[in-house]
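J.: Sharing upload-v8.pdb below, PDB, C-alpha atoms:
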```
ATOM      1  CA  MET K 555      -2.026   1.330 -26.206  1.00  0.00           C
ATOM      2  CA  ALA K 556      -4.030  -1.134 -24.115  1.00  0.00           C
ATOM      3  CA  PHE K 557      -2.430  -3.527 -21.673  1.00  0.00           C
ATOM      4  CA  LEU K 558      -2.240  -7.186 -22.516  1.00  0.00           C
ATOM      5  CA  GLN K 559      -5.046  -9.085 -20.782  1.00  0.00           C
ATOM      6  CA  THR K 560      -2.523 -11.078 -18.758  1.00  0.00           C
ATOM      7  CA  ASN K 561      -1.025  -7.879 -17.381  1.00  0.00           C
ATOM      8  CA  LYS K 562      -4.470  -6.432 -16.648  1.00  0.00           C
ATOM      9  CA  ASN K 563      -5.239  -9.558 -14.649  1.00  0.00           C
ATOM     10  CA  LEU K 564      -1.917  -9.325 -12.782  1.00  0.00           C
ATOM     11  CA  ILE K 565      -2.529  -5.669 -11.903  1.00  0.00           C
ATOM     12  CA  SER K 566      -6.010  -6.517 -10.659  1.00  0.00           C
ATOM     13  CA  THR K 567      -4.751  -9.468  -8.618  1.00  0.00           C
ATOM     14  CA  GLY K 568      -1.905  -7.430  -7.154  1.00  0.00           C
ATOM     15  CA  MET K 569      -4.290  -4.674  -6.108  1.00  0.00           C
ATOM     16  CA  LYS K 570      -6.684  -7.138  -4.486  1.00  0.00           C
ATOM     17  CA  GLU K 571      -3.914  -8.933  -2.602  1.00  0.00           C
ATOM     18  CA  PHE K 572      -2.335  -5.668  -1.426  1.00  0.00           C
ATOM     19  CA  ASN K 573      -5.707  -4.386  -0.294  1.00  0.00           C
ATOM     20  CA  VAL K 574      -6.290  -7.593   1.709  1.00  0.00           C
ATOM     21  CA  LEU K 575      -2.895  -7.126   3.356  1.00  0.00           C
ATOM     22  CA  LEU K 576      -3.739  -3.545   4.312  1.00  0.00           C
ATOM     23  CA  LYS K 577      -7.166  -4.471   5.656  1.00  0.00           C
ATOM     24  CA  GLN K 578      -5.641  -7.176   7.858  1.00  0.00           C
ATOM     25  CA  GLN K 579      -3.578  -4.653   9.771  1.00  0.00           C
ATOM     26  CA  VAL K 580      -4.598  -4.053  13.357  1.00  0.00           C
ATOM     27  CA  PHE K 581      -3.521  -0.813  14.956  1.00  0.00           C
ATOM     28  CA  ASN K 582      -2.090  -1.835  18.317  1.00  0.00           C
ATOM     29  CA  ASP K 583      -1.170   0.023  21.421  1.00  0.00           C
ATOM     30  CA  PRO K 584       1.442   1.361  21.595  1.00  0.00           C
ATOM     31  CA  PRO K 585       1.317   2.409  17.966  1.00  0.00           C
ATOM     32  CA  VAL K 586       4.346   2.647  15.739  1.00  0.00           C
ATOM     33  CA  SER K 587       5.278   6.098  14.509  1.00  0.00           C
ATOM     34  CA  GLU K 588       3.867   7.426  11.271  1.00  0.00           C
ATOM     35  CA  GLU K 589       7.351   7.392   9.761  1.00  0.00           C
ATOM     36  CA  ALA K 590       7.807   3.729  10.672  1.00  0.00           C
ATOM     37  CA  MET K 591       4.432   2.803   9.161  1.00  0.00           C
ATOM     38  CA  VAL K 592       5.292   4.664   5.953  1.00  0.00           C
ATOM     39  CA  THR K 593       8.529   2.652   5.772  1.00  0.00           C
ATOM     40  CA  VAL K 594       6.660  -0.625   6.318  1.00  0.00           C
ATOM     41  CA  VAL K 595       4.076   0.200   3.647  1.00  0.00           C
ATOM     42  CA  ASP K 596       6.812   1.252   1.198  1.00  0.00           C
ATOM     43  CA  ASP K 597       8.567  -2.063   1.835  1.00  0.00           C
ATOM     44  CA  TRP K 598       5.335  -3.962   1.184  1.00  0.00           C
ATOM     45  CA  MET K 599       4.802  -2.050  -2.065  1.00  0.00           C
ATOM     46  CA  ASN K 600       8.351  -2.818  -3.191  1.00  0.00           C
ATOM     47  CA  PHE K 601       7.811  -6.487  -2.367  1.00  0.00           C
ATOM     48  CA  TYR K 602       4.638  -6.584  -4.513  1.00  0.00           C
ATOM     49  CA  ILE K 603       6.271  -4.712  -7.409  1.00  0.00           C
ATOM     50  CA  ASN K 604       9.288  -7.044  -7.365  1.00  0.00           C
ATOM     51  CA  TYR K 605       7.046 -10.108  -7.139  1.00  0.00           C
ATOM     52  CA  TYR K 606       4.917  -9.056 -10.123  1.00  0.00           C
ATOM     53  CA  ARG K 607       7.945  -7.846 -12.113  1.00  0.00           C
ATOM     54  CA  ARG K 608       8.754 -11.499 -12.840  1.00  0.00           C
ATOM     55  CA  GLN K 609       5.203 -12.227 -14.010  1.00  0.00           C
ATOM     56  CA  VAL K 610       4.314  -9.393 -16.382  1.00  0.00           C
ATOM     57  CA  THR K 611       4.429 -10.275 -20.056  1.00  0.00           C
ATOM     58  CA  GLY K 612       4.969  -8.577 -23.391  1.00  0.00           C
ATOM     59  CA  GLU K 613       7.665  -6.351 -24.793  1.00  0.00           C
ATOM     60  CA  GLN K 614       9.818  -4.429 -22.320  1.00  0.00           C
ATOM     61  CA  GLU K 615       7.771  -1.256 -22.853  1.00  0.00           C
ATOM     62  CA  GLU K 616       4.549  -3.138 -22.069  1.00  0.00           C
ATOM     63  CA  GLN K 617       6.105  -4.657 -18.950  1.00  0.00           C
ATOM     64  CA  ASP K 618       7.330  -1.249 -17.770  1.00  0.00           C
ATOM     65  CA  ARG K 619       3.910   0.339 -18.313  1.00  0.00           C
ATOM     66  CA  ALA K 620       2.152  -2.500 -16.490  1.00  0.00           C
ATOM     67  CA  LEU K 621       4.507  -2.211 -13.513  1.00  0.00           C
ATOM     68  CA  GLN K 622       4.085   1.564 -13.491  1.00  0.00           C
ATOM     69  CA  GLN K 623       0.297   1.123 -13.462  1.00  0.00           C
ATOM     70  CA  LEU K 624       0.550  -1.402 -10.633  1.00  0.00           C
ATOM     71  CA  GLN K 625       2.792   0.999  -8.685  1.00  0.00           C
ATOM     72  CA  GLN K 626       0.250   3.809  -9.108  1.00  0.00           C
ATOM     73  CA  GLU K 627      -2.634   1.593  -7.994  1.00  0.00           C
ATOM     74  CA  LEU K 628      -0.731   0.313  -4.952  1.00  0.00           C
ATOM     75  CA  ASN K 629       0.247   3.883  -4.113  1.00  0.00           C
ATOM     76  CA  THR K 630      -3.404   4.909  -4.109  1.00  0.00           C
ATOM     77  CA  LEU K 631      -4.297   2.043  -1.769  1.00  0.00           C
ATOM     78  CA  ALA K 632      -1.306   2.802   0.453  1.00  0.00           C
ATOM     79  CA  ASN K 633      -2.193   6.491   0.698  1.00  0.00           C
ATOM     80  CA  THR K 634      -5.729   5.627   1.799  1.00  0.00           C
ATOM     81  CA  PHE K 635      -4.371   3.222   4.407  1.00  0.00           C
ATOM     82  CA  LEU K 636      -1.830   5.758   5.669  1.00  0.00           C
ATOM     83  CA  ALA K 637      -4.531   8.423   5.963  1.00  0.00           C
ATOM     84  CA  LYS K 638      -6.513   6.041   8.180  1.00  0.00           C
ATOM     85  CA  TYR K 639      -3.384   5.344  10.199  1.00  0.00           C
ATOM     86  CA  ARG K 640      -2.744   9.064  10.660  1.00  0.00           C
ATOM     87  CA  ALA K 641      -6.324   9.476  11.900  1.00  0.00           C
ATOM     88  CA  PHE K 642      -5.741   6.589  14.328  1.00  0.00           C
ATOM     89  CA  LEU K 643      -2.554   8.232  15.608  1.00  0.00           C
ATOM     90  CA  LYS K 644      -4.344  11.531  16.030  1.00  0.00           C
ATOM     91  CA  SER K 645      -7.199   9.936  17.980  1.00  0.00           C
ATOM     92  CA  HIS K 646      -4.717   7.919  20.036  1.00  0.00           C
ATOM     93  CA  GLU K 647      -2.806  11.098  20.832  1.00  0.00           C
ATOM     94  CA  HIS K 648      -5.965  12.638  22.299  1.00  0.00           C
ATOM     95  CA  LEU K 649      -6.494   9.558  24.472  1.00  0.00           C
ATOM     96  CA  ASN K 650      -2.976   9.759  25.865  1.00  0.00           C
ATOM     97  CA  HIS K 651      -3.127  13.509  26.405  1.00  0.00           C
ATOM     98  CA  PRO K 652      -6.551  14.357  27.808  1.00  0.00           C
ATOM     99  CA  LEU K 653      -7.582  17.960  27.853  1.00  0.00           C
ATOM    100  CA  PRO K 654      -6.976  19.633  31.214  1.00  0.00           C
ATOM    101  CA  SER K 655     -10.038  19.944  33.422  1.00  0.00           C
ATOM    102  CA  PHE K 656     -10.931  23.358  34.776  1.00  0.00           C
TER     103      PHE K 656
END
```
Would you encode the structure as structure tokens?
T.:
Amino acid sequence: MAFLQTNKNLISTGMKEFNVLLKQQVFNDPPVSEEAMVTVVDDWMNFYINYYRRQVTGEQEEQDRALQQLQQELNTLANTFLAKYRAFLKSHEHLNHPLPSF
């Protein structure tokens, strides 16, 4: 069963807006913990899902499927962002703990 065009457009818009939000993030010093960043990103995802929940159209089943699809897409974007953040933390850790010189 295909999504209604309106819901396809909402999913696409939500993904684009969420991606812009993620790309705007600047990793500062001192960095927040990985756990804190995961919490922040989860909160952002919940905000987007709740925002678009009021805008999806169609029967309840269609709305649920559209929101589930949006959740999956946002999750994919969030996981990519969090992987980059983990790499940043790892590189930052090496800067703060230089290897001992012999």
J.: Expand the PyMOL selection byres ((chain K and resi 591-593) around 12) into the explicit residue set it covers here, and present it as a PDB file with C-alpha atoms, in the frame of the given file.
T.:
```
ATOM      1  CA  LEU K 576      -3.739  -3.545   4.312  1.00  0.00           C
ATOM      2  CA  GLN K 579      -3.578  -4.653   9.771  1.00  0.00           C
ATOM      3  CA  PHE K 581      -3.521  -0.813  14.956  1.00  0.00           C
ATOM      4  CA  PRO K 585       1.317   2.409  17.966  1.00  0.00           C
ATOM      5  CA  VAL K 586       4.346   2.647  15.739  1.00  0.00           C
ATOM      6  CA  SER K 587       5.278   6.098  14.509  1.00  0.00           C
ATOM      7  CA  GLU K 588       3.867   7.426  11.271  1.00  0.00           C
ATOM      8  CA  GLU K 589       7.351   7.392   9.761  1.00  0.00           C
ATOM      9  CA  ALA K 590       7.807   3.729  10.672  1.00  0.00           C
ATOM     10  CA  VAL K 594       6.660  -0.625   6.318  1.00  0.00           C
ATOM     11  CA  VAL K 595       4.076   0.200   3.647  1.00  0.00           C
ATOM     12  CA  ASP K 596       6.812   1.252   1.198  1.00  0.00           C
ATOM     13  CA  ASP K 597       8.567  -2.063   1.835  1.00  0.00           C
ATOM     14  CA  TRP K 598       5.335  -3.962   1.184  1.00  0.00           C
ATOM     15  CA  MET K 599       4.802  -2.050  -2.065  1.00  0.00           C
ATOM     16  CA  ASN K 600       8.351  -2.818  -3.191  1.00  0.00           C
ATOM     17  CA  ASN K 629       0.247   3.883  -4.113  1.00  0.00           C
ATOM     18  CA  ALA K 632      -1.306   2.802   0.453  1.00  0.00           C
ATOM     19  CA  ASN K 633      -2.193   6.491   0.698  1.00  0.00           C
ATOM     20  CA  THR K 634      -5.729   5.627   1.799  1.00  0.00           C
ATOM     21  CA  PHE K 635      -4.371   3.222   4.407  1.00  0.00           C
ATOM     22  CA  LEU K 636      -1.830   5.758   5.669  1.00  0.00           C
ATOM     23  CA  ALA K 637      -4.531   8.423   5.963  1.00  0.00           C
ATOM     24  CA  LYS K 638      -6.513   6.041   8.180  1.00  0.00           C
ATOM     25  CA  TYR K 639      -3.384   5.344  10.199  1.00  0.00           C
ATOM     26  CA  ARG K 640      -2.744   9.064  10.660  1.00  0.00           C
ATOM     27  CA  LEU K 643      -2.554   8.232  15.608  1.00  0.00           C
TER      28      LEU K 643
END
```
J.: Take the PyMOL selection byres ((chain K and resi 620-624) around 8), run it mentally on this structure, and tell me the resulting residues as a PDB file with C-alpha atoms, keeping the file's coordinate frame.
T.:
```
ATOM      1  CA  PHE K 557      -2.430  -3.527 -21.673  1.00  0.00           C
ATOM      2  CA  ASN K 561      -1.025  -7.879 -17.381  1.00  0.00           C
ATOM      3  CA  LYS K 562      -4.470  -6.432 -16.648  1.00  0.00           C
ATOM      4  CA  ILE K 565      -2.529  -5.669 -11.903  1.00  0.00           C
ATOM      5  CA  GLY K 568      -1.905  -7.430  -7.154  1.00  0.00           C
ATOM      6  CA  MET K 569      -4.290  -4.674  -6.108  1.00  0.00           C
ATOM      7  CA  ILE K 603       6.271  -4.712  -7.409  1.00  0.00           C
ATOM      8  CA  TYR K 606       4.917  -9.056 -10.123  1.00  0.00           C
ATOM      9  CA  ARG K 607       7.945  -7.846 -12.113  1.00  0.00           C
ATOM     10  CA  VAL K 610       4.314  -9.393 -16.382  1.00  0.00           C
ATOM     11  CA  GLU K 616       4.549  -3.138 -22.069  1.00  0.00           C
ATOM     12  CA  GLN K 617       6.105  -4.657 -18.950  1.00  0.00           C
ATOM     13  CA  ASP K 618       7.330  -1.249 -17.770  1.00  0.00           C
ATOM     14  CA  ARG K 619       3.910   0.339 -18.313  1.00  0.00           C
ATOM     15  CA  GLN K 625       2.792   0.999  -8.685  1.00  0.00           C
ATOM     16  CA  GLN K 626       0.250   3.809  -9.108  1.00  0.00           C
ATOM     17  CA  GLU K 627      -2.634   1.593  -7.994  1.00  0.00           C
ATOM     18  CA  LEU K 628      -0.731   0.313  -4.952  1.00  0.00           C
TER      19      LEU K 628
END
```
J.: Please report the interatomic distance between atom CA of K:Lys570 and atom CA of K:Ala641 in Å with one decimal.
T.: 23.3 Å
J.: Give me, please, the distance in Å between atom CA of K:Gln578 and atom CA of K:Lys644, quoted to one decimal.
T.: 20.5 Å
J.: As a compact mmCIF listing (two decimals), in the frame of the given file, please: stretch 585-600 of chain K completed to N, CA, C and O atoms.
T.:
```txt
# COMPACT_ATOMS: atom_id res chain seq x y z
N PRO K 585 1.19 2.36 19.43
CA PRO K 585 1.32 2.41 17.97
C PRO K 585 2.75 2.70 17.54
O PRO K 585 3.53 3.28 18.28
N VAL K 586 3.06 2.27 16.32
CA VAL K 586 4.35 2.65 15.74
C VAL K 586 4.21 4.06 15.19
O VAL K 586 3.10 4.53 14.91
N SER K 587 5.31 4.73 15.02
CA SER K 587 5.28 6.10 14.51
C SER K 587 4.77 6.11 13.07
O SER K 587 4.82 5.10 12.36
N GLU K 588 4.32 7.27 12.65
CA GLU K 588 3.87 7.43 11.27
C GLU K 588 5.01 7.14 10.30
O GLU K 588 4.81 6.46 9.29
N GLU K 589 6.20 7.61 10.63
CA GLU K 589 7.35 7.39 9.76
C GLU K 589 7.66 5.90 9.62
O GLU K 589 7.98 5.42 8.53
N ALA K 590 7.55 5.17 10.72
CA ALA K 590 7.81 3.73 10.67
C ALA K 590 6.75 3.03 9.83
O ALA K 590 7.08 2.12 9.05
N MET K 591 5.49 3.43 9.96
CA MET K 591 4.43 2.80 9.16
C MET K 591 4.62 3.11 7.68
O MET K 591 4.41 2.24 6.84
N VAL K 592 5.03 4.31 7.35
CA VAL K 592 5.29 4.66 5.95
C VAL K 592 6.40 3.76 5.40
O VAL K 592 6.29 3.24 4.28
N THR K 593 7.43 3.53 6.19
CA THR K 593 8.53 2.65 5.77
C THR K 593 8.03 1.23 5.54
O THR K 593 8.37 0.60 4.53
N VAL K 594 7.21 0.73 6.45
CA VAL K 594 6.66 -0.62 6.32
C VAL K 594 5.82 -0.73 5.05
O VAL K 594 5.98 -1.67 4.25
N VAL K 595 4.95 0.23 4.83
CA VAL K 595 4.08 0.20 3.65
C VAL K 595 4.90 0.31 2.37
O VAL K 595 4.63 -0.39 1.39
N ASP K 596 5.92 1.15 2.37
CA ASP K 596 6.81 1.25 1.20
C ASP K 596 7.50 -0.09 0.93
O ASP K 596 7.63 -0.50 -0.22
N ASP K 597 7.93 -0.75 1.99
CA ASP K 597 8.57 -2.06 1.84
C ASP K 597 7.59 -3.07 1.25
O ASP K 597 7.95 -3.87 0.38
N TRP K 598 6.36 -3.06 1.73
CA TRP K 598 5.34 -3.96 1.18
C TRP K 598 5.12 -3.69 -0.30
O TRP K 598 5.01 -4.61 -1.10
N MET K 599 5.02 -2.40 -0.66
CA MET K 599 4.80 -2.05 -2.06
C MET K 599 5.96 -2.54 -2.92
O MET K 599 5.75 -3.10 -3.99
N ASN K 600 7.18 -2.35 -2.45
CA ASN K 600 8.35 -2.82 -3.19
C ASN K 600 8.34 -4.33 -3.35
O ASN K 600 8.69 -4.87 -4.40
```
